[in-house]
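Input: a single structure, listed below in structure tokens.
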There are 2 protein chains.
Amino acid sequence: MANPTAAMLVIGDEILSGRTRDANMHHLAGRLTEVGIDLREVRVVADDRPAIVAALRALSAAFDHVFTSGGIGPTHDDITADCVAEAMAARIDVREDARALLAAHYDRQGLEFTAARMRMARIPDGATLIDNPVSVAPGFSLGNVHVMAGVPSIFTAMVASLLPTLTGGEPLRSVTVRIDRGEGDVAAPLGDLAARFDDLAFGSYPFQRDGRYGTNIVIRGTDGDRLAAAEADLRRLFPGVAA
Amino acid sequence: MANPTAAMLVIGDEILSGRTRDANMHHLAGRLTEVGIDLREVRVVADDRPAIVAALRALSAAFDHVFTSGGIGPTHDDITADCVAEAMAARIDVREDARALLAAHYDRQGLEFTAARMRMARIPDGATLIDNPVSVAPGFSLGNVHVMAGVPSIFTAMVASLLPTLTGGEPLRSVTVRIDRGEGDVAAPLGDLAARFDDLAFGSYPFQRDGRYGTNIVIRGTDGDRLAAAEADLRRLFPGVAA
């Protein structure tokens, strides 16, 4: 059975202006590979309602899961929850369960529960909350869209809360073989090997070290026996490569 | 006059599997901001022909420029040039100018000019080459699509070759004001300020340091006088903030 598919939507002007370097894509990509969900596409859009809604609609129709990061804080540019409600045609308002979580948190911290902070309790009807052990304000899942914070420590914690609730597939395994030859020498035999093992994915990553060219070949797939067979053939093609 | 708009398309299984952390998006975002081209969207797709062609068509129709990274090396999974030709309805074959560049390079290096390396001379009809001072194999521009390598040192060099040939707009300037208050306290006055200065973009980035909450406010725009006026108003709203 094919693994579930996924896309990620990163929301935020600060990534597109170059002010902030996104860290969440790399984290999510690694975690999804571990649980056997195939990340097929990532989009990054600005804090712009039509752009967010259009991307949500396209991605939630095309993939089994959509994971979003960013835009769920208390400020005027935090519009993700409202965009998800619009894209999924759900009603949205302050929801009592989220409001109670936040009220207790600010009470413990001795902070005022301002109208701005109350915005973080706006949750679409029908959504399931995603636990935020770092700063309490929850994410949520609505249909196949999972809405999480952009701050990396909170995003990471929410992914850890969410993933055990999703059904993954076979974890994607990989084997890396380092060959001390340039990519141009490796390309032809590698292409033949990839054609014979068309159930596996072959990637080729050139590097230069101490003035010499080399290539890392990465073979990916879910079937360990097939991976081992492809690796053995690759090593026969390039005898003497490092173990 | 509004600045030109742009999208980036990052091509490569290795980003989506979490094996490699993309570095090119952050580099391009910063460089485009400097030259006054507004990066509005980034997409990351796998080494998959239909996915690449569909993304190229959507982005080249929606934005003034599309910048791609990845998939122009010598191996079987390097299919970007052929995908661009398909998306833009151009013929593609080995082109003499690119072949001559590569032949001279491999001759100097004492390396064989293999059939695989010859793939890097496949350039669509009508395209303009982008100089690659690092490893010679060129990128190219076809219509509003600019095709560059994925290896970060080569991508960076190609961006430096390409950008002076494009017409930018007003550089986007920014001002950052650090406020020693949580985002929930800042949100309401900041929302009012953003509504009054609707020609500027306001971002709010919470942080925690030594157990205390703070917020960096970033104001962006092309008009220095308007930025200064907004900054002065913001400082009046939160007296005593750091200079």
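Identifiers in this document derive from the order of the structure tokens: chains are assigned A, B, ..., residues are numbered from 1 separately in each chain, and ligands are numbered from 1 in order of occurrence.
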*Compile the residues of chain B that lie within 6 Å of chain A, evaluated using only C-alpha atoms, and express the compilation as a PyMOL selection string.*
chain B and resi 16-18+21+26+29-30+39+41-45+74-76+116-117+184+187+191
*Can you list, as a ChimeraX atom specification, every protein, DNA or RNA residue that comes within 12 Å of Leu56 (chain A) when you count only C-alpha atoms, leaving out same-chain residues fewer than 4 positions away?*
/A:7-11,42-45,49-52,60-63,65-68,80-89,142-147
*Would you please give, as a list of chain:residue names, all residues of region 31-63 of chain B that DSSP assigns to alpha helix (DSSP H) based on the backbone?*
B:Arg31, B:Leu32, B:Thr33, B:Glu34, B:Val35, B:Arg49, B:Pro50, B:Ala51, B:Ile52, B:Val53, B:Ala54, B:Ala55, B:Leu56, B:Arg57, B:Ala58, B:Leu59, B:Ser60, B:Ala61, B:Ala62
Residues of the last selection are to be written out with N, CA and C atoms, as an mmCIF file, in the first residue's frame.
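Result written to part20.cif:
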data_model
loop_
_atom_site.group_PDB
_atom_site.id
_atom_site.type_symbol
_atom_site.label_atom_id
_atom_site.label_comp_id
_atom_site.auth_asym_id
_atom_site.auth_seq_id
_atom_site.Cartn_x
_atom_site.Cartn_y
_atom_site.Cartn_z
ATOM 1 N N ARG B 31 18.959 38.524 -1.184
ATOM 2 C CA ARG B 31 19.495 39.246 -2.342
ATOM 3 C C ARG B 31 18.379 39.965 -3.097
ATOM 4 N N LEU B 32 17.202 39.316 -3.226
ATOM 5 C CA LEU B 32 16.095 39.957 -3.948
ATOM 6 C C LEU B 32 15.587 41.180 -3.197
ATOM 7 N N THR B 33 15.529 41.078 -1.868
ATOM 8 C CA THR B 33 15.115 42.231 -1.061
ATOM 9 C C THR B 33 16.055 43.417 -1.312
ATOM 10 N N GLU B 34 17.357 43.139 -1.391
ATOM 11 C CA GLU B 34 18.333 44.207 -1.627
ATOM 12 C C GLU B 34 18.121 44.917 -2.960
ATOM 13 N N VAL B 35 17.735 44.168 -4.000
ATOM 14 C CA VAL B 35 17.609 44.788 -5.329
ATOM 15 C C VAL B 35 16.180 45.213 -5.652
ATOM 16 N N ARG B 49 8.758 14.907 -12.995
ATOM 17 C CA ARG B 49 8.501 15.759 -14.158
ATOM 18 C C ARG B 49 7.134 16.475 -14.127
ATOM 19 N N PRO B 50 6.022 15.760 -13.919
ATOM 20 C CA PRO B 50 4.739 16.478 -13.909
ATOM 21 C C PRO B 50 4.665 17.555 -12.815
ATOM 22 N N ALA B 51 5.241 17.266 -11.638
ATOM 23 C CA ALA B 51 5.195 18.249 -10.543
ATOM 24 C C ALA B 51 6.005 19.491 -10.896
ATOM 25 N N ILE B 52 7.173 19.298 -11.521
ATOM 26 C CA ILE B 52 8.020 20.447 -11.867
ATOM 27 C C ILE B 52 7.361 21.284 -12.967
ATOM 28 N N VAL B 53 6.845 20.605 -13.990
ATOM 29 C CA VAL B 53 6.225 21.331 -15.113
ATOM 30 C C VAL B 53 5.002 22.123 -14.634
ATOM 31 N N ALA B 54 4.169 21.494 -13.802
ATOM 32 C CA ALA B 54 2.973 22.191 -13.312
ATOM 33 C C ALA B 54 3.360 23.412 -12.480
ATOM 34 N N ALA B 55 4.362 23.266 -11.618
ATOM 35 C CA ALA B 55 4.779 24.402 -10.784
ATOM 36 C C ALA B 55 5.364 25.517 -11.651
ATOM 37 N N LEU B 56 6.185 25.157 -12.652
ATOM 38 C CA LEU B 56 6.774 26.176 -13.532
ATOM 39 C C LEU B 56 5.691 26.962 -14.250
ATOM 40 N N ARG B 57 4.690 26.246 -14.774
ATOM 41 C CA ARG B 57 3.615 26.944 -15.508
ATOM 42 C C ARG B 57 2.853 27.890 -14.595
ATOM 43 N N ALA B 58 2.493 27.406 -13.393
ATOM 44 C CA ALA B 58 1.709 28.242 -12.469
ATOM 45 C C ALA B 58 2.502 29.482 -12.050
ATOM 46 N N LEU B 59 3.764 29.281 -11.711
ATOM 47 C CA LEU B 59 4.549 30.402 -11.164
ATOM 48 C C LEU B 59 4.947 31.388 -12.261
ATOM 49 N N SER B 60 5.302 30.892 -13.457
ATOM 50 C CA SER B 60 5.738 31.839 -14.498
ATOM 51 C C SER B 60 4.565 32.666 -15.011
ATOM 52 N N ALA B 61 3.341 32.136 -14.869
ATOM 53 C CA ALA B 61 2.164 32.930 -15.258
ATOM 54 C C ALA B 61 1.808 33.961 -14.192
ATOM 55 N N ALA B 62 2.109 33.665 -12.930
ATOM 56 C CA ALA B 62 1.619 34.516 -11.836
ATOM 57 C C ALA B 62 2.601 35.609 -11.418
#
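The space separating CA of Gly224 (chain A) from CA of Asp199 (chain A) comes to 11.9 Å.
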*Among region 69-172 of chain A, which residues carry a DSSP assignment of strand (DSSP E), reported as number ranges by chain?*
A: 69, 92-94, 122-124, 128-130, 139-142, 145-148
Selected residues written out with N, CA, C and O atoms, as a CSV table (one decimal), in the first residue's frame:
chain,number,residue,atom,x,y,z
A,69,SER,N,2.8,26.0,9.2
A,69,SER,CA,3.6,26.7,10.3
A,69,SER,C,3.5,28.2,10.2
A,69,SER,O,3.6,28.7,9.1
A,92,ILE,N,-15.7,30.3,12.5
A,92,ILE,CA,-14.7,30.4,13.5
A,92,ILE,C,-15.0,31.5,14.5
A,92,ILE,O,-15.6,32.5,14.2
A,93,ASP,N,-14.7,31.2,15.8
A,93,ASP,CA,-14.9,32.2,16.9
A,93,ASP,C,-14.0,31.7,18.0
A,93,ASP,O,-13.4,30.7,18.0
A,94,VAL,N,-14.0,32.5,19.1
A,94,VAL,CA,-13.3,32.1,20.3
A,94,VAL,C,-14.0,30.8,20.8
A,94,VAL,O,-15.2,30.8,21.0
A,122,ARG,N,-9.3,31.7,19.0
A,122,ARG,CA,-10.1,31.5,17.8
A,122,ARG,C,-9.8,30.2,17.1
A,122,ARG,O,-8.7,30.0,16.6
A,123,ILE,N,-10.8,29.3,17.2
A,123,ILE,CA,-10.6,27.9,16.7
A,123,ILE,C,-11.8,27.6,15.8
A,123,ILE,O,-12.9,27.8,16.2
A,124,PRO,N,-11.6,27.1,14.6
A,124,PRO,CA,-12.8,26.8,13.8
A,124,PRO,C,-13.6,25.7,14.4
A,124,PRO,O,-13.1,24.8,15.0
A,128,THR,N,-9.9,19.8,16.0
A,128,THR,CA,-9.3,19.1,17.2
A,128,THR,C,-8.1,19.9,17.6
A,128,THR,O,-7.3,20.2,16.8
A,129,LEU,N,-8.0,20.2,18.9
A,129,LEU,CA,-6.8,21.0,19.4
A,129,LEU,C,-5.5,20.2,19.3
A,129,LEU,O,-5.5,19.0,19.5
A,130,ILE,N,-4.4,20.8,19.0
A,130,ILE,CA,-3.1,20.2,19.1
A,130,ILE,C,-2.4,20.8,20.3
A,130,ILE,O,-2.2,22.0,20.4
A,139,GLY,N,-2.4,24.6,18.7
A,139,GLY,CA,-2.7,24.5,17.3
A,139,GLY,C,-4.0,23.7,17.1
A,139,GLY,O,-4.7,23.5,18.1
A,140,PHE,N,-4.3,23.4,15.9
A,140,PHE,CA,-5.5,22.6,15.7
A,140,PHE,C,-5.4,21.8,14.3
A,140,PHE,O,-4.7,22.2,13.4
A,141,SER,N,-6.2,20.7,14.3
A,141,SER,CA,-6.4,20.0,13.0
A,141,SER,C,-7.9,20.2,12.6
A,141,SER,O,-8.8,20.0,13.4
A,142,LEU,N,-8.1,20.5,11.3
A,142,LEU,CA,-9.4,20.6,10.8
A,142,LEU,C,-9.4,19.9,9.5
A,142,LEU,O,-8.7,20.3,8.5
A,145,VAL,N,-6.0,19.3,7.5
A,145,VAL,CA,-5.1,20.5,7.6
A,145,VAL,C,-4.7,20.6,9.1
A,145,VAL,O,-5.6,20.6,10.0
A,146,HIS,N,-3.4,20.6,9.4
A,146,HIS,CA,-2.9,20.6,10.7
A,146,HIS,C,-2.1,21.9,10.9
A,146,HIS,O,-1.1,22.2,10.2
A,147,VAL,N,-2.6,22.8,11.8
A,147,VAL,CA,-2.2,24.2,12.0
A,147,VAL,C,-1.3,24.3,13.2
A,147,VAL,O,-1.7,24.0,14.3
A,148,MET,N,0.0,24.7,12.9
A,148,MET,CA,1.0,24.8,14.0
A,148,MET,C,1.7,26.1,14.0
A,148,MET,O,1.6,26.9,13.1
*asked:* Can you pull out the residues contacting Ala121 (chain B)? Cut-off 7 Å, using only C-alpha atoms, and skip same-chain residues under 5 positions away; I want them as a PyMOL selection string.
replied: chain B and resi 94-95+98-99
